[in-house]
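Q: Sharing model.pdb here; it has PDB, C-alpha atoms.
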ATOM      1  CA  MET U   1     -16.225 -34.941 -15.029
ATOM      2  CA  ARG U   2     -12.919 -35.694 -13.309
ATOM      3  CA  GLY U   3     -12.754 -32.163 -11.919
ATOM      4  CA  LEU U   4     -16.358 -32.444 -10.737
ATOM      5  CA  ARG U   5     -15.662 -35.709  -8.917
ATOM      6  CA  GLN U   6     -12.510 -34.377  -7.272
ATOM      7  CA  LEU U   7     -14.175 -31.151  -6.174
ATOM      8  CA  THR U   8     -17.201 -33.034  -4.827
ATOM      9  CA  TRP U   9     -14.996 -35.417  -2.835
ATOM     10  CA  THR U  10     -12.997 -32.476  -1.463
ATOM     11  CA  ASN U  11     -16.218 -30.702  -0.475
ATOM     12  CA  ILE U  12     -17.464 -33.781   1.357
ATOM     13  CA  LYS U  13     -14.232 -34.054   3.357
ATOM     14  CA  LEU U  14     -14.379 -30.353   4.224
ATOM     15  CA  TYR U  15     -18.046 -30.731   5.218
ATOM     16  CA  LEU U  16     -17.246 -33.545   7.644
ATOM     17  CA  ARG U  17     -14.486 -31.441   9.230
ATOM     18  CA  ASP U  18     -17.053 -28.793  10.205
ATOM     19  CA  PRO U  19     -18.448 -29.930  13.581
ATOM     20  CA  ILE U  20     -21.548 -27.704  13.443
ATOM     21  CA  ALA U  21     -22.558 -28.792   9.939
ATOM     22  CA  THR U  22     -21.859 -32.430  10.774
ATOM     23  CA  PHE U  23     -23.959 -32.260  13.938
ATOM     24  CA  PHE U  24     -27.033 -30.714  12.322
ATOM     25  CA  THR U  25     -26.854 -33.005   9.291
ATOM     26  CA  LEU U  26     -25.939 -36.334  10.864
ATOM     27  CA  ALA U  27     -26.707 -36.198  14.588
ATOM     28  CA  PHE U  28     -29.467 -33.663  15.291
ATOM     29  CA  ALA U  29     -32.408 -35.600  13.830
ATOM     30  CA  PRO U  30     -31.421 -38.971  15.435
ATOM     31  CA  PHE U  31     -31.015 -37.036  18.684
ATOM     32  CA  LEU U  32     -34.621 -35.848  18.337
ATOM     33  CA  VAL U  33     -35.700 -39.448  17.719
ATOM     34  CA  VAL U  34     -34.136 -40.489  21.011
ATOM     35  CA  ILE U  35     -35.603 -37.558  22.989
ATOM     36  CA  PHE U  36     -39.139 -37.475  21.582
ATOM     37  CA  GLY U  37     -39.282 -41.253  21.267
ATOM     38  CA  ALA U  38     -38.588 -41.548  24.984
ATOM     39  CA  MET U  39     -41.315 -38.968  25.671
ATOM     40  CA  PHE U  40     -44.080 -40.151  23.319
ATOM     41  CA  GLY U  41     -43.141 -43.693  22.290
ATOM     42  CA  ASN U  42     -44.391 -45.103  18.997
ATOM     43  CA  ASP U  43     -47.743 -46.623  19.878
ATOM     44  CA  PRO U  44     -50.539 -46.147  17.287
ATOM     45  CA  ASN U  45     -52.352 -42.874  17.897
ATOM     46  CA  PRO U  46     -55.653 -41.726  16.333
ATOM     47  CA  ILE U  47     -54.265 -38.173  16.153
ATOM     48  CA  PHE U  48     -51.779 -39.448  13.572
ATOM     49  CA  GLY U  49     -54.253 -41.593  11.658
ATOM     50  CA  GLY U  50     -53.338 -44.738  13.547
ATOM     51  CA  GLN U  51     -49.598 -44.263  13.074
ATOM     52  CA  GLY U  52     -47.139 -43.816  15.895
ATOM     53  CA  SER U  53     -45.423 -40.571  16.799
ATOM     54  CA  MET U  54     -42.064 -41.791  15.523
ATOM     55  CA  ASP U  55     -43.628 -43.217  12.367
ATOM     56  CA  VAL U  56     -44.848 -39.793  11.277
ATOM     57  CA  SER U  57     -41.680 -38.116  12.526
ATOM     58  CA  MET U  58     -39.364 -39.956  10.117
ATOM     59  CA  PRO U  59     -40.425 -38.033   6.969
ATOM     60  CA  ALA U  60     -40.694 -34.815   9.006
ATOM     61  CA  TYR U  61     -37.174 -35.170  10.382
ATOM     62  CA  THR U  62     -35.939 -35.940   6.878
ATOM     63  CA  ALA U  63     -37.254 -32.528   5.804
ATOM     64  CA  LEU U  64     -35.542 -31.075   8.869
ATOM     65  CA  ILE U  65     -32.191 -32.487   7.777
ATOM     66  CA  VAL U  66     -32.586 -31.156   4.247
ATOM     67  CA  GLY U  67     -33.696 -27.766   5.591
ATOM     68  CA  SER U  68     -30.704 -27.475   7.911
ATOM     69  CA  VAL U  69     -28.344 -28.261   5.026
ATOM     70  CA  GLY U  70     -30.008 -25.878   2.585
ATOM     71  CA  ILE U  71     -31.074 -22.931   4.696
ATOM     72  CA  MET U  72     -28.313 -22.911   7.306
ATOM     73  CA  GLY U  73     -25.375 -24.743   5.775
ATOM     74  CA  VAL U  74     -25.310 -23.289   2.271
ATOM     75  CA  PRO U  75     -25.397 -19.574   3.220
ATOM     76  CA  ILE U  76     -22.650 -19.988   5.819
ATOM     77  CA  THR U  77     -20.382 -22.040   3.547
ATOM     78  CA  VAL U  78     -20.797 -19.886   0.449
ATOM     79  CA  GLY U  79     -20.445 -16.678   2.473
ATOM     80  CA  ALA U  80     -17.224 -17.911   4.076
ATOM     81  CA  LEU U  81     -15.770 -19.023   0.731
ATOM     82  CA  ARG U  82     -16.544 -15.603  -0.729
ATOM     83  CA  GLU U  83     -15.016 -13.710   2.190
ATOM     84  CA  HIS U  84     -11.794 -15.751   2.045
ATOM     85  CA  GLY U  85     -11.452 -15.230  -1.686
ATOM     86  CA  VAL U  86     -11.929 -18.902  -2.534
ATOM     87  CA  LEU U  87     -14.784 -18.223  -4.951
ATOM     88  CA  ARG U  88     -12.712 -15.590  -6.723
ATOM     89  CA  ARG U  89      -9.866 -18.074  -7.174
ATOM     90  CA  TYR U  90     -12.287 -20.745  -8.392
ATOM     91  CA  ARG U  91     -13.550 -18.357 -11.026
ATOM     92  CA  ALA U  92      -9.995 -17.554 -12.159
ATOM     93  CA  THR U  93      -9.252 -21.231 -12.902
ATOM     94  CA  PRO U  94     -10.132 -22.990 -16.185
ATOM     95  CA  MET U  95     -12.901 -24.809 -14.303
ATOM     96  CA  HIS U  96     -16.377 -23.798 -15.459
ATOM     97  CA  PRO U  97     -18.291 -21.913 -12.728
ATOM     98  CA  LEU U  98     -21.157 -24.388 -13.096
ATOM     99  CA  THR U  99     -18.801 -27.150 -11.918
ATOM    100  CA  PHE U 100     -18.532 -25.497  -8.506
ATOM    101  CA  ILE U 101     -22.322 -25.135  -8.220
ATOM    102  CA  VAL U 102     -23.001 -28.740  -9.268
ATOM    103  CA  ALA U 103     -20.312 -30.068  -6.919
ATOM    104  CA  ASP U 104     -21.703 -28.047  -4.020
ATOM    105  CA  ILE U 105     -25.285 -29.163  -4.680
ATOM    106  CA  THR U 106     -24.159 -32.784  -5.026
ATOM    107  CA  THR U 107     -22.222 -32.593  -1.765
ATOM    108  CA  ASN U 108     -25.144 -31.145   0.174
ATOM    109  CA  LEU U 109     -27.665 -33.604  -1.231
ATOM    110  CA  ALA U 110     -25.316 -36.524  -0.527
ATOM    111  CA  MET U 111     -24.817 -35.435   3.081
ATOM    112  CA  ALA U 112     -28.574 -34.953   3.525
ATOM    113  CA  LEU U 113     -29.198 -38.481   2.204
ATOM    114  CA  PHE U 114     -26.513 -39.878   4.510
ATOM    115  CA  GLY U 115     -28.143 -38.082   7.439
ATOM    116  CA  THR U 116     -31.523 -39.535   6.422
ATOM    117  CA  ILE U 117     -30.067 -43.059   6.388
ATOM    118  CA  LEU U 118     -28.756 -42.568   9.926
ATOM    119  CA  LEU U 119     -32.121 -41.113  10.974
ATOM    120  CA  VAL U 120     -34.204 -43.971   9.598
ATOM    121  CA  GLY U 121     -31.727 -46.534  10.890
ATOM    122  CA  SER U 122     -32.032 -45.156  14.428
ATOM    123  CA  GLY U 123     -35.839 -45.087  14.123
ATOM    124  CA  ILE U 124     -35.988 -48.704  12.970
ATOM    125  CA  LEU U 125     -33.505 -49.849  15.588
ATOM    126  CA  LEU U 126     -35.121 -48.061  18.529
ATOM    127  CA  TYR U 127     -38.826 -47.893  17.645
ATOM    128  CA  ARG U 128     -39.400 -50.175  14.643
ATOM    129  CA  VAL U 129     -40.804 -47.334  12.575
ATOM    130  CA  LYS U 130     -42.925 -48.304   9.574
ATOM    131  CA  PHE U 131     -42.297 -47.554   5.931
ATOM    132  CA  GLU U 132     -45.144 -48.327   3.543
ATOM    133  CA  GLY U 133     -44.197 -46.315   0.466
ATOM    134  CA  ASN U 134     -42.055 -46.680  -2.629
ATOM    135  CA  MET U 135     -38.385 -45.954  -2.008
ATOM    136  CA  LEU U 136     -37.817 -44.356  -5.410
ATOM    137  CA  SER U 137     -40.807 -42.020  -4.942
ATOM    138  CA  VAL U 138     -39.523 -40.925  -1.540
ATOM    139  CA  LEU U 139     -36.022 -40.356  -2.938
ATOM    140  CA  ALA U 140     -37.509 -38.260  -5.744
ATOM    141  CA  ALA U 141     -39.396 -36.191  -3.163
ATOM    142  CA  ILE U 142     -36.210 -35.694  -1.132
ATOM    143  CA  LEU U 143     -34.458 -34.561  -4.308
ATOM    144  CA  LEU U 144     -37.243 -32.106  -5.204
ATOM    145  CA  GLY U 145     -37.455 -30.706  -1.685
ATOM    146  CA  GLY U 146     -33.674 -30.602  -1.438
ATOM    147  CA  LEU U 147     -33.340 -28.601  -4.637
ATOM    148  CA  ALA U 148     -36.023 -26.173  -3.457
ATOM    149  CA  LEU U 149     -34.461 -25.566  -0.044
ATOM    150  CA  LEU U 150     -30.932 -25.431  -1.455
ATOM    151  CA  ALA U 151     -32.111 -22.787  -3.920
ATOM    152  CA  PHE U 152     -33.546 -20.886  -0.935
ATOM    153  CA  GLY U 153     -30.171 -21.136   0.784
ATOM    154  CA  TYR U 154     -28.270 -19.966  -2.291
ATOM    155  CA  LEU U 155     -30.587 -16.968  -2.509
ATOM    156  CA  ILE U 156     -29.722 -16.047   1.090
ATOM    157  CA  ALA U 157     -26.022 -16.529   0.308
ATOM    158  CA  SER U 158     -26.343 -14.339  -2.790
ATOM    159  CA  LEU U 159     -28.032 -11.452  -0.983
ATOM    160  CA  ALA U 160     -26.212 -11.515   2.371
ATOM    161  CA  PRO U 161     -23.251  -9.107   2.488
ATOM    162  CA  GLY U 162     -21.003 -11.483   4.444
ATOM    163  CA  ALA U 163     -20.662 -14.878   6.122
ATOM    164  CA  ARG U 164     -21.738 -13.598   9.544
ATOM    165  CA  SER U 165     -24.881 -11.956   8.184
ATOM    166  CA  ALA U 166     -25.626 -15.069   6.083
ATOM    167  CA  GLN U 167     -25.418 -17.159   9.255
ATOM    168  CA  VAL U 168     -27.792 -14.837  11.128
ATOM    169  CA  ILE U 169     -30.291 -14.714   8.275
ATOM    170  CA  GLY U 170     -30.143 -18.487   7.860
ATOM    171  CA  MET U 171     -30.847 -19.022  11.554
ATOM    172  CA  LEU U 172     -33.678 -16.481  11.562
ATOM    173  CA  VAL U 173     -35.287 -18.318   8.661
ATOM    174  CA  PHE U 174     -34.547 -21.902   9.687
ATOM    175  CA  TYR U 175     -35.504 -22.021  13.355
ATOM    176  CA  PRO U 176     -39.039 -20.588  13.000
ATOM    177  CA  MET U 177     -39.525 -22.848   9.980
ATOM    178  CA  MET U 178     -38.373 -25.851  11.989
ATOM    179  CA  PHE U 179     -40.912 -25.258  14.751
ATOM    180  CA  LEU U 180     -43.822 -24.079  12.585
ATOM    181  CA  SER U 181     -43.641 -26.382   9.549
ATOM    182  CA  GLY U 182     -44.215 -29.700  11.281
ATOM    183  CA  SER U 183     -40.626 -30.806  10.715
ATOM    184  CA  GLY U 184     -39.707 -30.515  14.393
ATOM    185  CA  MET U 185     -43.016 -31.531  15.973
ATOM    186  CA  PRO U 186     -46.161 -32.843  14.236
ATOM    187  CA  LEU U 187     -48.594 -30.097  13.249
ATOM    188  CA  GLU U 188     -51.483 -32.200  14.593
ATOM    189  CA  ILE U 189     -50.497 -31.275  18.148
ATOM    190  CA  MET U 190     -50.026 -27.589  17.287
ATOM    191  CA  PRO U 191     -52.665 -24.846  17.726
ATOM    192  CA  GLU U 192     -54.754 -23.973  14.674
ATOM    193  CA  SER U 193     -53.037 -20.592  14.419
ATOM    194  CA  VAL U 194     -49.673 -22.324  13.972
ATOM    195  CA  GLN U 195     -51.157 -24.664  11.382
ATOM    196  CA  ARG U 196     -52.381 -21.667   9.391
ATOM    197  CA  ILE U 197     -48.961 -20.001   9.558
ATOM    198  CA  SER U 198     -47.348 -23.214   8.352
ATOM    199  CA  THR U 199     -49.043 -22.903   4.965
ATOM    200  CA  PHE U 200     -46.687 -20.003   4.153
ATOM    201  CA  LEU U 201     -43.499 -22.032   4.769
ATOM    202  CA  PRO U 202     -41.886 -24.078   1.981
ATOM    203  CA  MET U 203     -40.644 -26.743   4.385
ATOM    204  CA  THR U 204     -44.263 -27.515   5.308
ATOM    205  CA  TYR U 205     -44.909 -28.729   1.776
ATOM    206  CA  MET U 206     -41.863 -30.966   1.845
ATOM    207  CA  VAL U 207     -43.070 -32.486   5.129
ATOM    208  CA  ARG U 208     -46.537 -33.120   3.672
ATOM    209  CA  LEU U 209     -45.182 -34.637   0.468
ATOM    210  CA  LEU U 210     -42.682 -36.896   2.216
ATOM    211  CA  ARG U 211     -45.188 -38.006   4.820
ATOM    212  CA  GLY U 212     -47.787 -38.933   2.209
ATOM    213  CA  LEU U 213     -45.333 -40.867   0.040
ATOM    214  CA  TRP U 214     -43.785 -42.468   3.116
ATOM    215  CA  PHE U 215     -47.093 -44.190   3.880
ATOM    216  CA  GLY U 216     -47.850 -45.322   0.368
ATOM    217  CA  GLU U 217     -49.891 -42.489  -1.102
ATOM    218  CA  SER U 218     -49.311 -41.383  -4.689
ATOM    219  CA  TRP U 219     -47.785 -38.246  -6.172
ATOM    220  CA  GLY U 220     -51.180 -37.453  -7.675
ATOM    221  CA  GLU U 221     -52.531 -36.705  -4.208
ATOM    222  CA  TYR U 222     -49.764 -34.167  -3.554
ATOM    223  CA  LEU U 223     -49.618 -32.159  -6.746
ATOM    224  CA  VAL U 224     -50.018 -28.883  -4.823
ATOM    225  CA  GLU U 225     -47.067 -29.707  -2.559
ATOM    226  CA  ALA U 226     -44.926 -30.734  -5.527
ATOM    227  CA  ALA U 227     -45.914 -27.574  -7.441
ATOM    228  CA  VAL U 228     -45.039 -25.332  -4.496
ATOM    229  CA  LEU U 229     -41.603 -26.932  -4.075
ATOM    230  CA  LEU U 230     -40.959 -26.699  -7.813
ATOM    231  CA  GLY U 231     -41.994 -23.054  -7.717
ATOM    232  CA  VAL U 232     -39.636 -22.329  -4.816
ATOM    233  CA  PHE U 233     -36.811 -23.991  -6.745
ATOM    234  CA  VAL U 234     -37.480 -22.028  -9.928
ATOM    235  CA  VAL U 235     -38.019 -18.636  -8.278
ATOM    236  CA  CYS U 236     -35.260 -18.836  -5.658
ATOM    237  CA  GLY U 237     -32.858 -20.519  -8.065
ATOM    238  CA  GLY U 238     -33.458 -17.841 -10.700
ATOM    239  CA  LEU U 239     -33.001 -15.012  -8.206
ATOM    240  CA  ALA U 240     -29.890 -16.663  -6.744
ATOM    241  CA  ALA U 241     -28.374 -16.968 -10.238
ATOM    242  CA  ARG U 242     -29.214 -13.322 -10.900
ATOM    243  CA  PHE U 243     -27.646 -11.937  -7.716
ATOM    244  CA  PHE U 244     -24.888 -14.486  -7.025
ATOM    245  CA  ARG U 245     -21.527 -12.825  -6.329
ATOM    246  CA  TRP U 246     -18.156 -14.516  -6.685
ATOM    247  CA  GLU U 247     -16.362 -11.788  -4.704
TER     248      GLU U 247
END
Take the structure from the file and write it as structure tokens.

A:
Amino acid sequence: MRGLRQLTWTNIKLYLRDPIATFFTLAFAPFLVVIFGAMFGNDPNPIFGGQGSMDVSMPAYTALIVGSVGIMGVPITVGALREHGVLRRYRATPMHPLTFIVADITTNLAMALFGTILLVGSGILLYRVKFEGNMLSVLAAILLGGLALLAFGYLIASLAPGARSAQVIGMLVFYPMMFLSGSGMPLEIMPESVQRISTFLPMTYMVRLLRGLWFGESWGEYLVEAAVLLGVFVVCGGLAARFFRWE
């Protein structure tokens, strides 16, 4: 446990020294709150079931933060560690390989939660966004969605031949998902064709689950979304474990 704590703390410090990772995790979503809040405000809107634009954007932007960490951050970080021989040296130490994986997952989830706190804080401060759900249920949904999207990112990192290719693949996956899943802009204002495409994207199901729980609905109403995210975690996690390379 001591080695796990030390490695996790080291990973967090290294994460914060990366300006790109720090921006997308901690600053990008609050930046969107400022931009789109200035454009659309947060007045109740029938399109959003009587909620304001920023109200429904909070759970969506939370999924965006988790997606940026999992799909963009993980492949780049793991690919770079492999190319520089860090993973090979980790494996040569007495430390169990699982310790590295757990520390990395813990670091990414912790940073995503920190980014979510900054996001919600900016939404409350600027637009008095509403939260009507159960905090523990929302945290559980963030954890489930985070594990699913992190597993997706580890699969990319396992299959990509190098850090540069992992970065390109991560961007090619993340940016369309951001615009088409409802995490960047609400799907209600998107064309029907985009809404149909969104059903094939795992981030869409995280947005739906978080949004429902955010406004007080129960897990029982989102069993499909939870099942899809669990399936993504199991399938991508299993494939990532099968093809993961330490060097």

Q: Run the PyMOL selection byres ((chain U and resi 176-182) around 12) mentally over the shown coordinates, then write out the matched residues as a PyMOL selection string, using the chain letters and numbers from the document.

A: chain U and resi 29+56-68+71-72+149+169-175+183-211

Q: Looking at U:Met95, U:Leu150, U:Leu213, U:Leu118, which one is nearest to Met135 (chain U), with distances taken over only C-alpha atoms?

A: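 Residue with the minimum atom-to-atom distance to Met135 (chain U): U:Leu213.
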
Q: Do you have the CA of Val235 (chain U)-CA of Val69 (chain U) distance handy?

A: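 CA of Val235 (chain U) sits 19.1 Å away from CA of Val69 (chain U).
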
Q: Could you check how far CA of Gly73 (chain U) sits from CA of Arg242 (chain U), in Å to one decimal?

A: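 So the answer is 20.6 Å.
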
Q: So which one's closest to Gly146 (chain U), U:Ala27, U:Gly70, U:Phe131, U:Ser165? Using all atoms listed in the file, please.

A: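 Going through U:Ala27, U:Gly70, U:Phe131, U:Ser165 one by one, the smallest distance to Gly146 (chain U) is for U:Gly70.
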
Q: Applying the PyMOL selection byres ((chain U and resi 112) around 8) to the file I just gave you, which residues come out? Please list them as an MDAnalysis selection string.

A: chainID U and resid 25:26 65:66 69 108:111 113:116

Q: Would you work out the distance separating CA of Ala103 (chain U) from CA of Arg5 (chain U), expressed in Å to one decimal?

A: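 We find that CA of Ala103 (chain U) and CA of Arg5 (chain U) lie 7.6 Å from each other.
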
Q: U:Ala21, U:Thr106, U:Ile76, U:Gly41: which is nearest Gln6 (chain U), counting only C-alpha atoms?

A: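 Nearest candidate to Gln6 (chain U) out of U:Ala21, U:Thr106, U:Ile76, U:Gly41: U:Thr106.
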
Q: Write out as a compact mmCIF listing (two decimals) with C-alpha atoms, in the coordinates of the input each polymer residue whose atoms come within 10 Å of Gly123 (chain U), counting all atoms listed in the file; drop sequence neighbours fewer than 3 positions from it.

A:
# COMPACT_ATOMS: atom_id res chain seq x y z
CA PRO U 30 -31.42 -38.97 15.44
CA VAL U 33 -35.70 -39.45 17.72
CA VAL U 34 -34.14 -40.49 21.01
CA GLY U 37 -39.28 -41.25 21.27
CA ASN U 42 -44.39 -45.10 19.00
CA MET U 54 -42.06 -41.79 15.52
CA ASP U 55 -43.63 -43.22 12.37
CA SER U 57 -41.68 -38.12 12.53
CA MET U 58 -39.36 -39.96 10.12
CA ILE U 117 -30.07 -43.06 6.39
CA LEU U 118 -28.76 -42.57 9.93
CA LEU U 119 -32.12 -41.11 10.97
CA VAL U 120 -34.20 -43.97 9.60
CA LEU U 126 -35.12 -48.06 18.53
CA TYR U 127 -38.83 -47.89 17.64
CA ARG U 128 -39.40 -50.18 14.64
CA VAL U 129 -40.80 -47.33 12.58
CA LYS U 130 -42.92 -48.30 9.57

Q: Which one of U:Gly162, U:Pro75, U:Gly121, U:Gly216 sits closest to Leu136 (chain U) if you count only C-alpha atoms?

A: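 Among the listed residues, the smallest separation from Leu136 (chain U) belongs to U:Gly216.
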
Q: Do a neighbour search on Arg88 (chain U) at 8 Å with all atoms listed in the file, toss out local chain neighbours closer than 4 positions, and write the hits as an MDAnalysis selection string.

A: chainID U and resid 82 92 246:247

Q: For Lys13 (chain U), which residue out of U:Pro94, U:Thr107, U:Gly153, U:Phe40 is the nearest one, using all atoms listed in the file?

A: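 Smallest distance to Lys13 (chain U) is found for U:Thr107.
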
Q: Using all atoms listed in the file, which of U:Leu32, U:Leu239, U:Ala163, U:Val224 sits nearest Ala80 (chain U)?

A: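 Of U:Leu32, U:Leu239, U:Ala163, U:Val224, the one nearest Ala80 (chain U) is U:Ala163, counting all atoms listed in the file.
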
Q: Go ahead and fit an axis-aligned box to every listed atom of region 193-206 of chain U plus 5 Å each side, and pass me the centre and edge lengths in Å, one decimal, as lines of an AutoDock Vina configuration file.

A:
center_x = -46.8
center_y = -25.5
center_z = 8.1
size_x = 22.4
size_y = 21.0
size_z = 22.6

Q: Could I see region 31-59 of chain U restored to N, CA and C atoms, set down as an mmCIF file, in the frame of the given file?

A:
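File written: part20.cif
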data_model
loop_
_atom_site.group_PDB
_atom_site.id
_atom_site.type_symbol
_atom_site.label_atom_id
_atom_site.label_comp_id
_atom_site.auth_asym_id
_atom_site.auth_seq_id
_atom_site.Cartn_x
_atom_site.Cartn_y
_atom_site.Cartn_z
ATOM 1 N N PHE U 31 -30.905 -37.495 17.301
ATOM 2 C CA PHE U 31 -31.015 -37.036 18.684
ATOM 3 C C PHE U 31 -32.475 -36.741 19.042
ATOM 4 N N LEU U 32 -33.204 -36.111 18.110
ATOM 5 C CA LEU U 32 -34.621 -35.848 18.337
ATOM 6 C C LEU U 32 -35.417 -37.146 18.440
ATOM 7 N N VAL U 33 -35.031 -38.146 17.647
ATOM 8 C CA VAL U 33 -35.700 -39.448 17.719
ATOM 9 C C VAL U 33 -35.565 -40.035 19.127
ATOM 10 N N VAL U 34 -34.361 -39.950 19.672
ATOM 11 C CA VAL U 34 -34.136 -40.489 21.011
ATOM 12 C C VAL U 34 -34.943 -39.716 22.055
ATOM 13 N N ILE U 35 -34.919 -38.381 21.981
ATOM 14 C CA ILE U 35 -35.603 -37.558 22.989
ATOM 15 C C ILE U 35 -37.116 -37.709 22.901
ATOM 16 N N PHE U 36 -37.682 -37.450 21.711
ATOM 17 C CA PHE U 36 -39.139 -37.475 21.582
ATOM 18 C C PHE U 36 -39.673 -38.901 21.599
ATOM 19 N N GLY U 37 -38.855 -39.866 21.154
ATOM 20 C CA GLY U 37 -39.282 -41.253 21.267
ATOM 21 C C GLY U 37 -39.418 -41.679 22.710
ATOM 22 N N ALA U 38 -38.500 -41.233 23.562
ATOM 23 C CA ALA U 38 -38.588 -41.548 24.984
ATOM 24 C C ALA U 38 -39.801 -40.872 25.621
ATOM 25 N N MET U 39 -40.176 -39.696 25.105
ATOM 26 C CA MET U 39 -41.315 -38.968 25.671
ATOM 27 C C MET U 39 -42.660 -39.525 25.206
ATOM 28 N N PHE U 40 -42.773 -39.805 23.886
ATOM 29 C CA PHE U 40 -44.080 -40.151 23.319
ATOM 30 C C PHE U 40 -44.194 -41.605 22.876
ATOM 31 N N GLY U 41 -43.080 -42.321 22.764
ATOM 32 C CA GLY U 41 -43.141 -43.693 22.290
ATOM 33 C C GLY U 41 -43.558 -43.749 20.825
ATOM 34 N N ASN U 42 -43.958 -44.938 20.390
ATOM 35 C CA ASN U 42 -44.391 -45.103 18.997
ATOM 36 C C ASN U 42 -45.641 -45.956 18.895
ATOM 37 N N ASP U 43 -46.489 -45.884 19.914
ATOM 38 C CA ASP U 43 -47.743 -46.623 19.878
ATOM 39 C C ASP U 43 -48.709 -45.958 18.897
ATOM 40 N N PRO U 44 -49.558 -46.737 18.207
ATOM 41 C CA PRO U 44 -50.539 -46.147 17.287
ATOM 42 C C PRO U 44 -51.398 -45.097 17.988
ATOM 43 N N ASN U 45 -51.619 -43.990 17.314
ATOM 44 C CA ASN U 45 -52.352 -42.874 17.897
ATOM 45 C C ASN U 45 -53.366 -42.360 16.883
ATOM 46 N N PRO U 46 -54.637 -42.224 17.282
ATOM 47 C CA PRO U 46 -55.653 -41.726 16.333
ATOM 48 C C PRO U 46 -55.358 -40.323 15.828
ATOM 49 N N ILE U 47 -54.619 -39.525 16.602
ATOM 50 C CA ILE U 47 -54.265 -38.173 16.153
ATOM 51 C C ILE U 47 -53.451 -38.239 14.869
ATOM 52 N N PHE U 48 -52.639 -39.290 14.733
ATOM 53 C CA PHE U 48 -51.779 -39.448 13.572
ATOM 54 C C PHE U 48 -52.327 -40.474 12.584
ATOM 55 N N GLY U 49 -53.632 -40.658 12.591
ATOM 56 C CA GLY U 49 -54.253 -41.593 11.658
ATOM 57 C C GLY U 49 -53.899 -43.038 11.930
ATOM 58 N N GLY U 50 -53.679 -43.377 13.186
ATOM 59 C CA GLY U 50 -53.338 -44.738 13.547
ATOM 60 C C GLY U 50 -51.856 -45.044 13.502
ATOM 61 N N GLN U 51 -51.050 -44.086 13.084
ATOM 62 C CA GLN U 51 -49.598 -44.263 13.074
ATOM 63 C C GLN U 51 -49.021 -43.817 14.416
ATOM 64 N N GLY U 52 -47.804 -44.244 14.679
ATOM 65 C CA GLY U 52 -47.139 -43.816 15.895
ATOM 66 C C GLY U 52 -46.453 -42.478 15.724
ATOM 67 N N SER U 53 -46.081 -41.877 16.841
ATOM 68 C CA SER U 53 -45.423 -40.571 16.799
ATOM 69 C C SER U 53 -44.122 -40.632 16.025
ATOM 70 N N MET U 54 -43.339 -41.666 16.234
ATOM 71 C CA MET U 54 -42.064 -41.791 15.523
ATOM 72 C C MET U 54 -42.260 -42.167 14.061
ATOM 73 N N ASP U 55 -43.342 -42.897 13.762
ATOM 74 C CA ASP U 55 -43.628 -43.217 12.367
ATOM 75 C C ASP U 55 -43.790 -41.946 11.537
ATOM 76 N N VAL U 56 -44.596 -41.016 12.043
ATOM 77 C CA VAL U 56 -44.848 -39.793 11.277
ATOM 78 C C VAL U 56 -43.684 -38.815 11.382
ATOM 79 N N SER U 57 -42.814 -39.023 12.365
ATOM 80 C CA SER U 57 -41.680 -38.116 12.526
ATOM 81 C C SER U 57 -40.555 -38.407 11.552
ATOM 82 N N MET U 58 -40.462 -39.625 11.026
ATOM 83 C CA MET U 58 -39.364 -39.956 10.117
ATOM 84 C C MET U 58 -39.353 -39.058 8.874
ATOM 85 N N PRO U 59 -40.456 -38.953 8.125
ATOM 86 C CA PRO U 59 -40.425 -38.033 6.969
ATOM 87 C C PRO U 59 -40.267 -36.581 7.382
#
